[in-house]
file input04.txt (compact mmCIF, C-alpha atoms)
# COMPACT_ATOMS: atom_id res chain seq x y z
CA MET M 1226 108.74 96.17 114.87
CA MET M 1227 110.18 99.51 116.00
CA LYS M 1228 113.48 97.91 116.93
CA GLU M 1229 113.71 96.09 113.64
CA LEU M 1230 113.00 99.30 111.74
CA LEU M 1231 115.58 101.29 113.70
CA GLU M 1232 118.24 98.69 113.08
CA GLY M 1233 117.34 98.47 109.40
CA ILE M 1234 117.57 102.24 109.02
CA LYS M 1235 120.96 102.43 110.70
CA ASN M 1236 122.25 99.57 108.54
CA GLY M 1237 121.04 101.31 105.41
CA ASN M 1238 118.47 98.62 104.53
CA GLU M 1239 116.45 100.13 101.68
CA ARG M 1240 113.25 98.28 102.38
CA LYS M 1241 113.22 99.35 106.03
CA ILE M 1242 114.11 102.93 105.16
CA ALA M 1243 111.29 103.01 102.61
CA GLN M 1244 108.79 101.55 105.07
CA ALA M 1245 109.83 104.05 107.71
CA ILE M 1246 109.18 106.92 105.28
CA THR M 1247 105.70 105.55 104.63
CA ILE M 1248 105.07 105.48 108.38
CA ILE M 1249 106.24 109.08 108.65
CA GLU M 1250 103.89 110.08 105.85
CA ASN M 1251 100.83 108.07 106.79
CA HIS M 1252 100.94 107.39 110.52
CA ARG M 1253 102.36 110.49 112.08
CA ASN M 1254 102.21 109.42 115.72
CA MET M 1255 104.02 106.19 115.06
CA GLY M 1256 106.52 108.13 112.97
CA PHE M 1257 107.18 110.50 115.89
CA LYS M 1258 108.20 107.56 118.07
CA LEU M 1259 110.75 106.56 115.47
CA LEU M 1260 112.05 110.09 114.97
CA LYS M 1261 112.40 110.65 118.71
CA LYS M 1262 114.76 107.70 118.85
CA LEU M 1263 116.77 108.89 115.86
CA TYR M 1264 116.99 112.62 116.38
CA ARG M 1265 119.71 112.93 118.95
CA GLU M 1266 122.12 110.52 117.37
CA THR M 1267 121.77 111.84 113.85
CA SER M 1268 123.79 114.54 112.18
CA LEU M 1269 122.05 115.98 109.17
CA ALA M 1270 123.29 115.20 105.68
CA TYR M 1271 124.22 118.09 103.41
CA LEU M 1272 120.99 119.27 101.79
CA VAL M 1273 120.85 120.52 98.23
CA GLY M 1274 117.57 121.85 96.86
CA ILE M 1275 116.82 122.08 93.17
CA THR M 1276 113.89 123.97 91.79
CA GLY M 1277 112.68 125.66 88.62
CA PRO M 1278 109.79 125.73 86.18
CA PRO M 1279 108.37 122.54 84.65
CA GLY M 1280 110.47 121.33 81.74
CA SER M 1281 113.63 123.13 82.79
CA GLY M 1282 115.47 119.85 83.24
CA LYS M 1283 115.58 119.49 87.02
CA SER M 1284 115.32 115.71 87.05
CA THR M 1285 117.94 115.28 84.34
CA LEU M 1286 120.25 117.66 86.22
CA THR M 1287 119.60 115.73 89.40
CA ASP M 1288 120.56 112.52 87.63
CA LYS M 1289 123.85 114.02 86.44
CA ILE M 1290 124.75 115.75 89.71
CA VAL M 1291 124.14 112.56 91.62
CA SER M 1292 126.33 110.61 89.14
CA LYS M 1293 129.12 113.12 89.77
CA TRP M 1294 128.88 112.72 93.54
CA ARG M 1295 128.87 108.96 93.13
CA GLU M 1296 132.27 109.21 91.43
CA LYS M 1297 133.51 110.42 94.81
CA ASP M 1298 131.79 107.48 96.45
CA LEU M 1299 129.34 109.63 98.39
CA LYS M 1300 126.02 108.03 99.31
CA VAL M 1301 123.16 110.09 97.95
CA ALA M 1302 119.42 110.23 98.54
CA VAL M 1303 116.98 112.08 96.31
CA ILE M 1304 113.58 113.31 97.46
CA ALA M 1305 111.53 114.20 94.38
CA ILE M 1306 108.49 116.24 95.26
CA ASP M 1307 105.43 116.76 93.10
CA PRO M 1308 102.23 118.61 93.94
CA THR M 1309 99.14 116.93 95.34
CA SER M 1310 95.94 117.58 93.43
CA GLN M 1311 93.69 119.85 95.46
CA PHE M 1312 90.67 118.13 93.97
CA SER M 1313 91.35 114.43 94.33
CA GLY M 1314 94.16 114.34 96.89
CA GLY M 1315 96.11 112.18 94.45
CA ALA M 1316 99.44 112.97 92.84
CA LEU M 1317 101.43 112.03 89.78
CA LEU M 1318 105.06 111.48 90.65
CA GLY M 1319 107.10 111.32 87.47
CA ASP M 1320 110.58 112.41 88.40
CA ARG M 1321 112.08 108.94 88.34
CA ILE M 1322 111.63 108.85 84.57
CA ARG M 1323 114.69 111.04 84.04
CA MET M 1324 116.84 109.49 86.70
CA SER M 1325 117.62 106.27 84.93
CA ASN M 1326 121.41 106.63 85.24
CA VAL M 1327 121.37 106.48 88.99
CA SER M 1328 118.21 104.54 89.72
CA THR M 1329 119.99 101.19 89.65
CA ASP M 1330 122.99 102.35 91.67
CA ARG M 1331 122.98 100.77 95.14
CA GLY M 1332 124.46 103.92 96.65
CA VAL M 1333 121.50 106.02 95.59
CA PHE M 1334 118.07 106.05 97.16
CA ILE M 1335 115.26 107.84 95.32
CA ARG M 1336 111.91 108.58 96.89
CA SER M 1337 109.02 110.45 95.31
CA MET M 1338 106.76 112.37 97.67
CA ALA M 1339 103.60 114.38 97.19
CA THR M 1340 103.23 117.80 98.85
CA ARG M 1341 99.88 116.74 100.38
CA GLY M 1342 97.68 119.32 101.97
CA SER M 1343 99.55 120.91 104.79
CA LEU M 1344 98.26 124.15 106.20
CA GLY M 1345 100.35 127.18 105.30
CA GLY M 1346 103.50 125.57 104.12
CA LEU M 1347 105.81 122.65 104.06
CA ASN M 1348 104.55 119.11 104.51
CA PRO M 1349 106.33 118.30 107.77
CA ALA M 1350 106.88 114.72 106.61
CA ILE M 1351 109.45 116.02 104.15
CA TYR M 1352 111.74 117.36 106.83
CA ASP M 1353 111.20 114.18 108.82
CA THR M 1354 112.27 112.17 105.79
CA VAL M 1355 115.45 114.23 105.55
CA LEU M 1356 116.22 113.34 109.14
CA LEU M 1357 115.53 109.68 108.54
CA LEU M 1358 117.71 109.52 105.43
CA SER M 1359 120.50 111.25 107.34
CA ALA M 1360 120.23 108.59 110.01
CA ALA M 1361 120.48 105.96 107.28
CA GLY M 1362 123.93 107.26 106.39
CA TYR M 1363 123.36 109.28 103.22
CA ASP M 1364 126.01 111.99 102.84
CA TYR M 1365 124.06 114.21 100.45
CA ILE M 1366 120.33 114.63 100.11
CA LEU M 1367 118.97 116.32 97.04
CA ILE M 1368 115.43 117.68 97.20
CA GLU M 1369 113.81 118.36 93.85
CA THR M 1370 110.63 120.36 93.39
CA VAL M 1371 108.78 122.52 90.90
CA GLY M 1372 109.26 126.15 91.89
CA VAL M 1373 105.79 127.53 91.54
CA GLY M 1374 104.15 128.10 94.89
CA GLN M 1375 104.97 129.05 98.42
CA ASN M 1376 105.17 125.40 99.45
CA GLU M 1377 107.97 124.87 96.99
CA VAL M 1378 109.87 127.90 98.15
CA ASP M 1379 109.60 126.60 101.71
CA ILE M 1380 110.92 123.23 100.65
CA VAL M 1381 113.98 124.59 98.91
CA ASP M 1382 114.53 126.95 101.75
CA LEU M 1383 115.22 123.91 103.88
CA ALA M 1384 118.27 123.22 101.78
CA ASP M 1385 121.80 124.32 102.59
CA THR M 1386 122.52 125.01 98.94
CA THR M 1387 119.61 125.87 96.68
CA LEU M 1388 119.86 125.61 92.91
CA VAL M 1389 117.36 127.57 90.85
CA VAL M 1390 117.14 126.21 87.32
CA THR M 1391 116.02 128.11 84.26
CA VAL M 1392 116.34 127.77 80.48
CA PRO M 1393 117.07 130.29 77.68
CA GLU M 1394 113.54 130.22 76.33
CA ALA M 1395 112.02 130.93 79.71
CA GLY M 1396 112.00 134.58 78.56
CA ASP M 1397 109.31 136.46 80.39
CA GLU M 1398 108.64 133.51 82.60
CA ILE M 1399 111.64 134.48 84.66
CA GLN M 1400 109.99 137.81 85.43
CA THR M 1401 107.18 135.89 87.04
CA PHE M 1402 109.54 133.85 89.17
CA LYS M 1403 108.48 134.54 92.66
CA ALA M 1404 110.65 137.12 94.28
CA GLY M 1405 111.07 134.57 97.06
CA LEU M 1406 112.56 132.09 94.67
CA MET M 1407 115.16 134.57 93.48
CA GLU M 1408 116.10 135.24 97.08
CA VAL M 1409 116.59 131.61 98.04
CA GLY M 1410 118.77 130.81 95.02
CA ASP M 1411 122.40 130.19 95.99
CA ILE M 1412 123.36 129.04 92.50
CA PHE M 1413 121.46 129.78 89.29
CA VAL M 1414 121.63 127.08 86.67
CA LEU M 1415 121.06 128.08 83.08
CA ASN M 1416 120.24 124.68 81.61
CA LYS M 1417 119.79 123.81 77.92
CA SER M 1418 122.40 126.50 77.29
CA ASP M 1419 123.07 125.22 73.78
CA ARG M 1420 119.82 126.83 72.72
CA PRO M 1421 119.34 130.31 71.26
CA GLY M 1422 118.78 133.18 73.65
CA VAL M 1423 121.27 132.03 76.26
CA ASP M 1424 123.19 135.33 76.43
CA LYS M 1425 120.05 137.34 76.88
CA MET M 1426 118.85 135.06 79.62
CA GLN M 1427 122.21 135.25 81.36
CA LEU M 1428 121.99 139.04 81.31
CA THR M 1429 118.46 138.95 82.71
CA LEU M 1430 119.59 136.63 85.48
CA GLU M 1431 122.59 138.80 86.31
CA GLN M 1432 120.34 141.82 86.62
CA MET M 1433 117.93 140.01 88.87
CA ILE M 1434 120.73 138.76 91.08
CA ASN M 1435 122.16 142.25 91.36
CA LEU M 1436 118.76 143.60 92.31
CA ALA M 1437 118.40 140.98 95.02
CA ASP M 1438 121.66 142.33 96.47
CA LYS M 1439 122.60 139.45 98.68
CA GLU M 1440 125.32 140.03 101.21
CA GLY M 1441 128.32 137.76 101.39
CA TRP M 1442 127.81 135.00 98.87
CA GLU M 1443 127.27 136.23 95.33
CA PRO M 1444 125.14 133.61 93.55
CA PRO M 1445 126.96 132.40 90.43
CA ILE M 1446 125.25 131.51 87.16
CA VAL M 1447 126.29 128.12 85.82
CA LYS M 1448 125.54 127.15 82.24
CA THR M 1449 124.75 123.50 81.65
CA VAL M 1450 123.44 121.12 79.02
CA ALA M 1451 122.32 118.36 81.35
CA THR M 1452 121.54 115.83 78.63
CA LYS M 1453 125.17 116.07 77.39
CA LYS M 1454 126.64 116.39 80.90
CA ASP M 1455 128.10 119.78 79.92
CA GLY M 1456 128.86 122.05 82.85
CA ILE M 1457 128.01 119.46 85.50
CA GLU M 1458 131.50 119.37 86.96
CA ASN M 1459 131.51 123.15 87.18
CA LEU M 1460 128.13 122.95 88.91
CA THR M 1461 129.21 120.41 91.52
CA ASN M 1462 132.34 122.51 92.12
CA LYS M 1463 130.16 125.53 92.79
CA ILE M 1464 128.07 123.50 95.20
CA ASP M 1465 131.28 122.56 97.03
CA GLU M 1466 132.35 126.21 97.09
CA HIS M 1467 129.04 127.23 98.58
CA LYS M 1468 129.26 124.44 101.13
CA ASN M 1469 132.74 125.62 102.16
CA TYR M 1470 131.50 129.17 102.37
CA LEU M 1471 128.62 128.16 104.67
CA GLU M 1472 130.85 126.06 106.87
CA GLU M 1473 133.55 128.70 107.23
CA SER M 1474 131.16 131.56 107.85
CA LYS M 1475 129.16 129.49 110.38
CA LEU M 1476 126.10 130.22 108.29
CA LEU M 1477 125.46 126.50 108.04
CA GLU M 1478 124.68 126.41 111.75
CA ASP M 1479 122.40 129.44 111.44
CA ASN M 1480 120.56 127.91 108.51
CA ARG M 1481 119.98 124.70 110.38
CA GLU M 1482 118.81 126.51 113.47
CA GLU M 1483 116.26 128.30 111.31
CA VAL M 1484 115.16 124.99 109.82
CA MET M 1485 114.65 123.53 113.31
CA ARG M 1486 112.70 126.56 114.40
CA ARG M 1487 110.36 126.20 111.43
CA GLN M 1488 110.01 122.51 111.95
CA LEU M 1489 109.08 123.11 115.59
CA ILE M 1490 106.42 125.59 114.48
CA ASN M 1491 105.23 123.14 111.82
CA LEU M 1492 104.86 120.42 114.41
CA LEU M 1493 102.93 122.72 116.74
CA GLU M 1494 100.56 123.64 113.94
CA GLU M 1495 100.18 120.03 112.93
CA LYS M 1496 99.23 119.00 116.45
CA VAL M 1497 96.81 121.88 116.95
CA LEU M 1498 95.22 121.00 113.64
CA ALA M 1499 94.88 117.33 114.52
CA ARG M 1500 93.70 117.76 118.10
CA ILE M 1501 91.58 120.89 117.91
CA VAL M 1502 90.71 122.00 114.38
CA ASN M 1503 89.97 118.62 112.79
CA PRO M 1504 87.58 117.42 115.55
CA ILE M 1505 85.71 120.73 115.33
CA LYS M 1506 85.46 120.39 111.55
CA SER M 1507 83.71 117.06 111.89
CA SER M 1508 81.42 118.11 114.75
CA ALA M 1509 77.67 118.71 114.54
CA GLU M 1510 78.22 122.18 115.95
CA PHE M 1511 80.39 123.05 112.96
CA THR M 1512 77.71 121.90 110.51
CA ASP M 1513 75.15 123.89 112.44
CA LYS M 1514 77.24 127.06 112.37
CA MET M 1515 77.91 126.60 108.67
CA LYS M 1516 74.18 126.43 108.05
CA LYS M 1517 73.62 129.66 109.95
CA ILE M 1518 76.45 131.37 108.07
CA LYS M 1519 74.93 130.28 104.78
CA GLU M 1520 71.55 131.65 105.83
CA VAL M 1521 73.29 134.87 106.85
CA LYS M 1522 72.06 134.44 110.42
CA LYS M 1523 75.61 134.43 111.66
CA ASP M 1524 78.97 135.75 110.54
CA PRO M 1525 82.02 133.46 110.30
CA TYR M 1526 84.02 135.68 112.66
CA THR M 1527 81.67 135.11 115.56
CA ALA M 1528 81.26 131.46 114.59
CA ALA M 1529 85.01 130.83 114.77
CA GLU M 1530 85.19 132.39 118.23
CA GLU M 1531 82.23 130.39 119.44
CA LEU M 1532 83.60 127.12 118.09
CA LEU M 1533 86.84 127.67 119.94
CA ALA M 1534 85.27 129.13 123.08
CA ASP M 1535 85.46 125.99 125.20
CA LYS M 1536 88.98 125.14 123.95
CA PHE M 1537 90.72 128.30 125.09
CA GLN M 1538 90.23 132.01 125.53
CA ILE M 1539 90.89 134.14 122.46
CA MET Z 132 96.47 110.69 113.03
CA SER Z 133 96.44 108.64 109.89
CA ASP Z 134 96.72 110.00 106.41
CA LYS Z 135 96.96 106.80 104.44
CA ARG Z 136 96.96 107.15 100.69
CA ILE Z 137 97.31 104.27 98.27
CA LYS Z 138 100.62 104.46 96.44
CA VAL Z 139 100.98 102.85 93.03
CA LEU Z 140 103.96 102.26 90.74
CA ILE Z 141 103.07 102.20 87.05
CA ALA Z 142 105.89 100.45 85.23
CA LYS Z 143 106.83 99.69 81.65
CA PRO Z 144 108.93 96.54 81.53
CA GLY Z 145 111.10 95.59 78.58
CA LEU Z 146 111.54 96.95 75.10
CA ASP Z 147 108.21 98.57 74.49
CA GLY Z 148 107.97 102.16 73.35
CA HIS Z 149 104.29 102.78 73.90
CA ASP Z 150 103.13 104.37 77.11
CA ARG Z 151 99.97 106.26 76.30
CA GLY Z 152 97.93 103.58 78.06
CA ALA Z 153 100.21 103.62 81.11
CA LYS Z 154 99.91 107.41 81.32
CA VAL Z 155 96.13 107.30 81.04
CA ILE Z 156 95.98 104.81 83.87
CA ALA Z 157 98.43 106.85 85.96
CA ARG Z 158 96.28 109.92 85.52
CA GLY Z 159 93.07 108.04 86.24
CA LEU Z 160 94.44 106.63 89.48
CA LYS Z 161 95.68 110.06 90.50
CA GLU Z 162 92.22 111.43 89.97
CA ALA Z 163 90.91 108.67 92.20
CA GLY Z 164 93.10 110.10 94.99
CA MET Z 165 96.09 107.79 94.71
CA GLU Z 166 99.75 108.76 94.63
CA VAL Z 167 101.14 107.38 91.40
CA VAL Z 168 104.81 106.97 90.53
CA TYR Z 169 105.59 106.40 86.86
CA THR Z 170 108.88 104.73 85.95
CA GLY Z 171 109.15 105.72 82.31
CA LEU Z 172 109.86 103.39 79.41
CA ARG Z 173 112.10 100.34 79.03
CA LYS Z 174 112.67 99.21 82.57
CA THR Z 175 114.15 95.90 83.60
CA PRO Z 176 112.47 93.77 86.27
CA ASP Z 177 115.35 94.85 88.55
CA ASP Z 178 114.61 98.55 87.97
CA ILE Z 179 110.93 98.01 88.65
CA VAL Z 180 111.37 96.04 91.86
CA ARG Z 181 113.97 98.48 93.17
CA ALA Z 182 111.65 101.42 92.48
CA ALA Z 183 108.78 99.58 94.16
CA ILE Z 184 110.93 98.94 97.24
CA GLN Z 185 112.24 102.51 97.52
CA GLU Z 186 108.82 104.03 96.96
CA ASP Z 187 107.22 101.43 99.27
CA VAL Z 188 104.19 101.12 97.01
CA ASP Z 189 101.04 99.16 97.73
CA VAL Z 190 100.48 98.28 94.09
CA ILE Z 191 102.57 97.74 90.96
CA GLY Z 192 100.83 98.12 87.60
CA LEU Z 193 102.78 96.51 84.77
CA SER Z 194 101.92 97.83 81.34
CA ILE Z 195 103.13 95.84 78.37
CA LEU Z 196 102.36 95.76 74.67
CA SER Z 197 105.39 93.92 73.36
CA GLY Z 198 104.19 90.39 74.02
CA ALA Z 199 107.05 89.59 76.40
CA HIS Z 200 104.85 89.35 79.51
CA LYS Z 201 105.42 85.62 79.95
CA HIS Z 202 109.12 86.31 80.13
CA LEU Z 203 109.23 89.56 82.13
CA PHE Z 204 106.38 89.21 84.62
CA PRO Z 205 107.71 86.02 86.29
CA GLU Z 206 111.03 87.86 86.78
CA VAL Z 207 109.30 90.77 88.50
CA MET Z 208 107.33 88.43 90.77
CA LYS Z 209 110.43 86.40 91.64
CA LYS Z 210 112.49 89.46 92.52
CA LEU Z 211 109.70 90.94 94.60
CA LYS Z 212 109.61 87.79 96.71
CA GLU Z 213 113.41 87.78 97.00
CA GLU Z 214 113.29 91.32 98.35
CA GLY Z 215 110.64 90.40 100.88
CA ALA Z 216 107.99 92.44 99.09
CA GLY Z 217 105.74 89.59 97.98
CA ASP Z 218 102.80 91.35 99.63
CA VAL Z 219 102.68 94.09 96.99
CA VAL Z 220 99.57 93.77 94.82
CA VAL Z 221 100.62 93.36 91.18
CA ILE Z 222 98.22 94.13 88.35
CA SER Z 223 98.77 94.27 84.63
CA GLY Z 224 97.47 95.85 81.47
CA GLY Z 225 98.18 96.22 77.80
CA ILE Z 226 98.07 93.58 75.09
CA ILE Z 227 97.76 90.30 76.94
CA PRO Z 228 96.02 87.49 75.04
CA GLU Z 229 93.18 85.71 76.80
CA GLU Z 230 95.03 82.39 76.75
CA ASP Z 231 97.84 83.84 78.88
CA HIS Z 232 95.58 85.14 81.64
CA GLN Z 233 95.67 81.92 83.65
CA PHE Z 234 99.48 81.88 83.45
CA LEU Z 235 99.59 85.36 84.99
CA LYS Z 236 96.99 84.52 87.62
CA ASP Z 237 99.07 81.52 88.65
CA LEU Z 238 101.96 83.92 89.19
CA GLY Z 239 99.78 85.95 91.53
CA ILE Z 240 98.77 88.66 89.08
CA GLU Z 241 95.03 88.59 89.64
CA GLY Z 242 94.08 91.87 88.03
CA ILE Z 243 94.48 91.87 84.26
CA PHE Z 244 93.05 94.91 82.55
CA THR Z 245 93.15 94.90 78.77
CA PRO Z 246 92.17 97.80 76.47
CA GLY Z 247 88.66 99.09 76.97
CA THR Z 248 88.60 98.53 80.74
CA PRO Z 249 86.91 101.43 82.52
CA ILE Z 250 89.31 103.10 84.96
CA LYS Z 251 86.75 102.69 87.72
CA GLU Z 252 87.08 98.92 87.48
CA ILE Z 253 90.83 99.22 88.12
CA VAL Z 254 90.31 101.68 90.99
CA ASP Z 255 87.77 99.34 92.60
CA PHE Z 256 90.07 96.36 92.20
CA ILE Z 257 92.95 98.23 93.84
CA GLU Z 258 90.85 99.53 96.71
CA GLU Z 259 89.50 96.07 97.41
CA ASN Z 260 92.85 94.34 97.25
CA VAL Z 261 95.06 96.74 99.18
CA ASN Z 262 94.83 95.64 102.80

call {"tool": "encode", "arguments": {"input": "input04.txt", "output": "structure tokens"}}
result
Amino acid sequence: MMKELLEGIKNGNERKIAQAITIIENHRNMGFKLLKKLYRETSLAYLVGITGPPGSGKSTLTDKIVSKWREKDLKVAVIAIDPTSQFSGGALLGDRIRMSNVSTDRGVFIRSMATRGSLGGLNPAIYDTVLLLSAAGYDYILIETVGVGQNEVDIVDLADTTLVVTVPEAGDEIQTFKAGLMEVGDIFVLNKSDRPGVDKMQLTLEQMINLADKEGWEPPIVKTVATKKDGIENLTNKIDEHKNYLEESKLLEDNREEVMRRQLINLLEEKVLARIVNPIKSSAEFTDKMKKIKEVKKDPYTAAEELLADKFQI
Amino acid sequence: MSDKRIKVLIAKPGLDGHDRGAKVIARGLKEAGMEVVYTGLRKTPDDIVRAAIQEDVDVIGLSILSGAHKHLFPEVMKKLKEEGAGDVVVISGGIIPEEDHQFLKDLGIEGIFTPGTPIKEIVDFIEENVN
């Protein structure tokens, strides 16, 4: 089965690629076997992240950007990420709705993924999926996510070029943009720019960019009306410019090294969680300690040390 | 380490502009812990099968109120088999007259959930029929 999957992935067989992503998401250990075989012979695709508040037009922009790349005959994959419900563990993945232009194109692969509950950051399966899609021969991978929490910032931070999308009526909302999000933006997209308030928003954005005071690359603001395809060519040109800038300044290598470092840390955490924390959580000792904490016979600080005592010295 | 979650595609085939029902189902399944992809309106059988393949779903839920189920559903089932995805559980909902139920069951669409069905019934059906 592994051999068949590997061959399918390398030949760009959609069904095999899709099944491999499911394995990576659901059966981590089996996924690792696959990824070990792929890693060394894969060069990463160019990663573009797109993020912004709900309703800012990210999916429509994605649709139009991908169409533009397809004119150049580039193979493109889209990873559309939506949050997992903390209560049910389920997720509603609705980004395909606005990608109807490209969803039938054989050169485009779209996959929706949920953030799932990963401790302190990025769901490691997302990076693994990037690797897999690179191995399958996609030239560009576009990762789309709502920019609200730390998880989302981490996801877009993976990207080589990160687009932060906003709209004229966002008004005060932009003030609440996480500082982190402003820092990761390489290009700011002012979408729905045929609406009132566009000049004011542009000014606000300019001020925020100036405050961030990035060295080297000055993030441009690109006005678009995604539904009418206005400004899309300008946007893809800016992405190219940023890509050239990263390549020439060797920052691309640095960025990818940083991504690897984080992924390595992610994997360490994931393994510690699976092998040490999760078994403790389901042990009788854990239940017992919880009971004592509830009855105020024990404090959680001591309990944590005791639960880990036979695993290693802290 | 297994973190299996049931993944469902809720799809609207054909020329049918009503998706309140589909959205209610999508939300209900999400609340039951499933990962639900929604296609949006007016999809062709090709669109639906391609989305199902790329998303590698366990279940496809076809929602239809236009009356064209006897035309569109066989297409979806045929294309799924052609793509080697005949193992995907297909269920349906919307306005489907009683006399057409056997026709759909013969196609392999065992779960038919018309208006008034409690969401729990659909959740139970999916959980029983996936693997």

call {"tool": "closest_atom_pairs", "arguments": {"input": "input04.txt", "of": "chain Z", "to": "chain M", "cutoff": "8 Å", "atoms": "all atoms listed in the file", "output": "JSON lines"}}
result
{"residue": "Z:Met132", "atom": "CA", "partner": "M:Arg1253", "partner_atom": "CA", "distance": 6.0}
{"residue": "Z:Ser133", "atom": "CA", "partner": "M:His1252", "partner_atom": "CA", "distance": 4.7}
{"residue": "Z:Asp134", "atom": "CA", "partner": "M:Asn1251", "partner_atom": "CA", "distance": 4.6}
{"residue": "Z:Lys135", "atom": "CA", "partner": "M:Asn1251", "partner_atom": "CA", "distance": 4.7}
{"residue": "Z:Arg136", "atom": "CA", "partner": "M:Asn1251", "partner_atom": "CA", "distance": 7.3}
{"residue": "Z:Ala157", "atom": "CA", "partner": "M:Leu1317", "partner_atom": "CA", "distance": 7.1}
{"residue": "Z:Arg158", "atom": "CA", "partner": "M:Leu1317", "partner_atom": "CA", "distance": 7.0}
{"residue": "Z:Leu160", "atom": "CA", "partner": "M:Gly1315", "partner_atom": "CA", "distance": 7.6}
{"residue": "Z:Lys161", "atom": "CA", "partner": "M:Gly1315", "partner_atom": "CA", "distance": 4.5}
{"residue": "Z:Glu162", "atom": "CA", "partner": "M:Ser1313", "partner_atom": "CA", "distance": 5.4}
{"residue": "Z:Ala163", "atom": "CA", "partner": "M:Ser1313", "partner_atom": "CA", "distance": 6.2}
{"residue": "Z:Gly164", "atom": "CA", "partner": "M:Gly1315", "partner_atom": "CA", "distance": 3.7}
{"residue": "Z:Met165", "atom": "CA", "partner": "M:Gly1315", "partner_atom": "CA", "distance": 4.4}
{"residue": "Z:Glu166", "atom": "CA", "partner": "M:Ala1316", "partner_atom": "CA", "distance": 4.6}
{"residue": "Z:Val167", "atom": "CA", "partner": "M:Leu1317", "partner_atom": "CA", "distance": 4.9}
{"residue": "Z:Val168", "atom": "CA", "partner": "M:Leu1318", "partner_atom": "CA", "distance": 4.5}
{"residue": "Z:Tyr169", "atom": "CA", "partner": "M:Gly1319", "partner_atom": "CA", "distance": 5.2}
{"residue": "Z:Thr170", "atom": "CA", "partner": "M:Ile1322", "partner_atom": "CA", "distance": 5.1}
{"residue": "Z:Gly171", "atom": "CA", "partner": "M:Ile1322", "partner_atom": "CA", "distance": 4.6}
{"residue": "Z:Leu172", "atom": "CA", "partner": "M:Ile1322", "partner_atom": "CA", "distance": 7.7}
{"residue": "Z:Asp177", "atom": "CA", "partner": "M:Thr1329", "partner_atom": "CA", "distance": 7.9}
{"residue": "Z:Asp178", "atom": "CA", "partner": "M:Thr1329", "partner_atom": "CA", "distance": 6.2}
{"residue": "Z:Arg181", "atom": "CA", "partner": "M:Thr1329", "partner_atom": "CA", "distance": 7.5}
{"residue": "Z:Ala182", "atom": "CA", "partner": "M:Ser1328", "partner_atom": "CA", "distance": 7.8}
{"residue": "Z:Ile184", "atom": "CA", "partner": "M:Arg1240", "partner_atom": "CA", "distance": 5.7}
{"residue": "Z:Gln185", "atom": "CA", "partner": "M:Ala1243", "partner_atom": "CA", "distance": 5.2}
{"residue": "Z:Glu186", "atom": "CA", "partner": "M:Arg1336", "partner_atom": "CA", "distance": 5.5}
{"residue": "Z:Asp187", "atom": "CA", "partner": "M:Ala1243", "partner_atom": "CA", "distance": 5.5}

call {"tool": "axis_aligned_box", "arguments": {"input": "input04.txt", "around": "stretch 1243-1249 of chain M", "padding_each_side": "3 Å", "output": "JSON"}}
result
{"center_x": 108.2, "center_y": 105.3, "center_z": 105.6, "size_x": 12.2, "size_y": 13.5, "size_z": 12.0}

call {"tool": "atom_distance", "arguments": {"input": "input04.txt", "atom1": "atom CA of M:Gln1488", "atom2": "atom CA of M:Leu1286"}}
result
28.1 Å

call {"tool": "residues_around", "arguments": {"input": "input04.txt", "residues": "Z:Leu196", "least_positions_apart": "4", "cutoff": "7 Å", "atoms": "only C-alpha atoms", "output": "number ranges by chain"}}
result
Z: 147, 225-226

call {"tool": "closest_residue", "arguments": {"input": "input04.txt", "among": "Z:Pro176, Z:Gly215, Z:Gly152, Z:Gly239", "to": "Z:Ser194", "atoms": "all atoms listed in the file"}}
result
Z:Gly152

call {"tool": "residues_around", "arguments": {"input": "input04.txt", "residues": "M:Tyr1363", "least_positions_apart": "2", "cutoff": "12 Å", "atoms": "all atoms listed in the file", "output": "number ranges by chain"}}
result
M: 1234-1239, 1242, 1267-1272, 1294-1295, 1298-1303, 1331-1335, 1354-1361, 1365-1367

call {"tool": "atom_distance", "arguments": {"input": "input04.txt", "atom1": "atom CA of M:Ile1446", "atom2": "atom CA of M:Leu1415"}}
result
6.8 Å

call {"tool": "closest_residue", "arguments": {"input": "input04.txt", "among": "M:Val1381, M:Val1273, M:Ile1434, M:Val1327", "to": "M:His1467", "atoms": "only C-alpha atoms"}}
result
M:Val1273

call {"tool": "residues_around", "arguments": {"input": "input04.txt", "residues": "M:Val1414", "least_positions_apart": "5", "cutoff": "9 Å", "atoms": "only C-alpha atoms", "output": "ChimeraX atom specification"}}
result
/M:1388-1392,1445-1449,1460

call {"tool": "closest_residue", "arguments": {"input": "input04.txt", "among": "Z:Val188, Z:Leu203, Z:Ile253, Z:Ala153", "to": "Z:Thr175", "atoms": "only C-alpha atoms"}}
result
Z:Leu203

call {"tool": "residues_around", "arguments": {"input": "input04.txt", "residues": "stretch 227-238 of chain Z", "least_positions_apart": "3", "cutoff": "9 Å", "atoms": "all atoms listed in the file", "output": "list in words"}}
result
Ile195, Leu196, Gly198, His200, Lys201, Phe204, Pro205, Met208, Ser223, Gly224, Glu241, Gly242, Ile243, Phe244 and Thr245 of chain Z

call {"tool": "atom_distance", "arguments": {"input": "input04.txt", "atom1": "atom CA of Z:Ala199", "atom2": "atom CA of Z:Ala216"}}
result
22.9 Å

call {"tool": "closest_residue", "arguments": {"input": "input04.txt", "among": "Z:Val221, Z:Ile191, Z:Val207, Z:Val254", "to": "Z:Lys138", "atoms": "all atoms listed in the file"}}
result
Z:Ile191

call {"tool": "residues_near_point", "arguments": {"input": "input04.txt", "point": "(109.9, 99.4, 79.6)", "cutoff": "6 Å", "atoms": "all atoms listed in the file", "output": "number ranges by chain"}}
result
Z: 143-147, 172-174
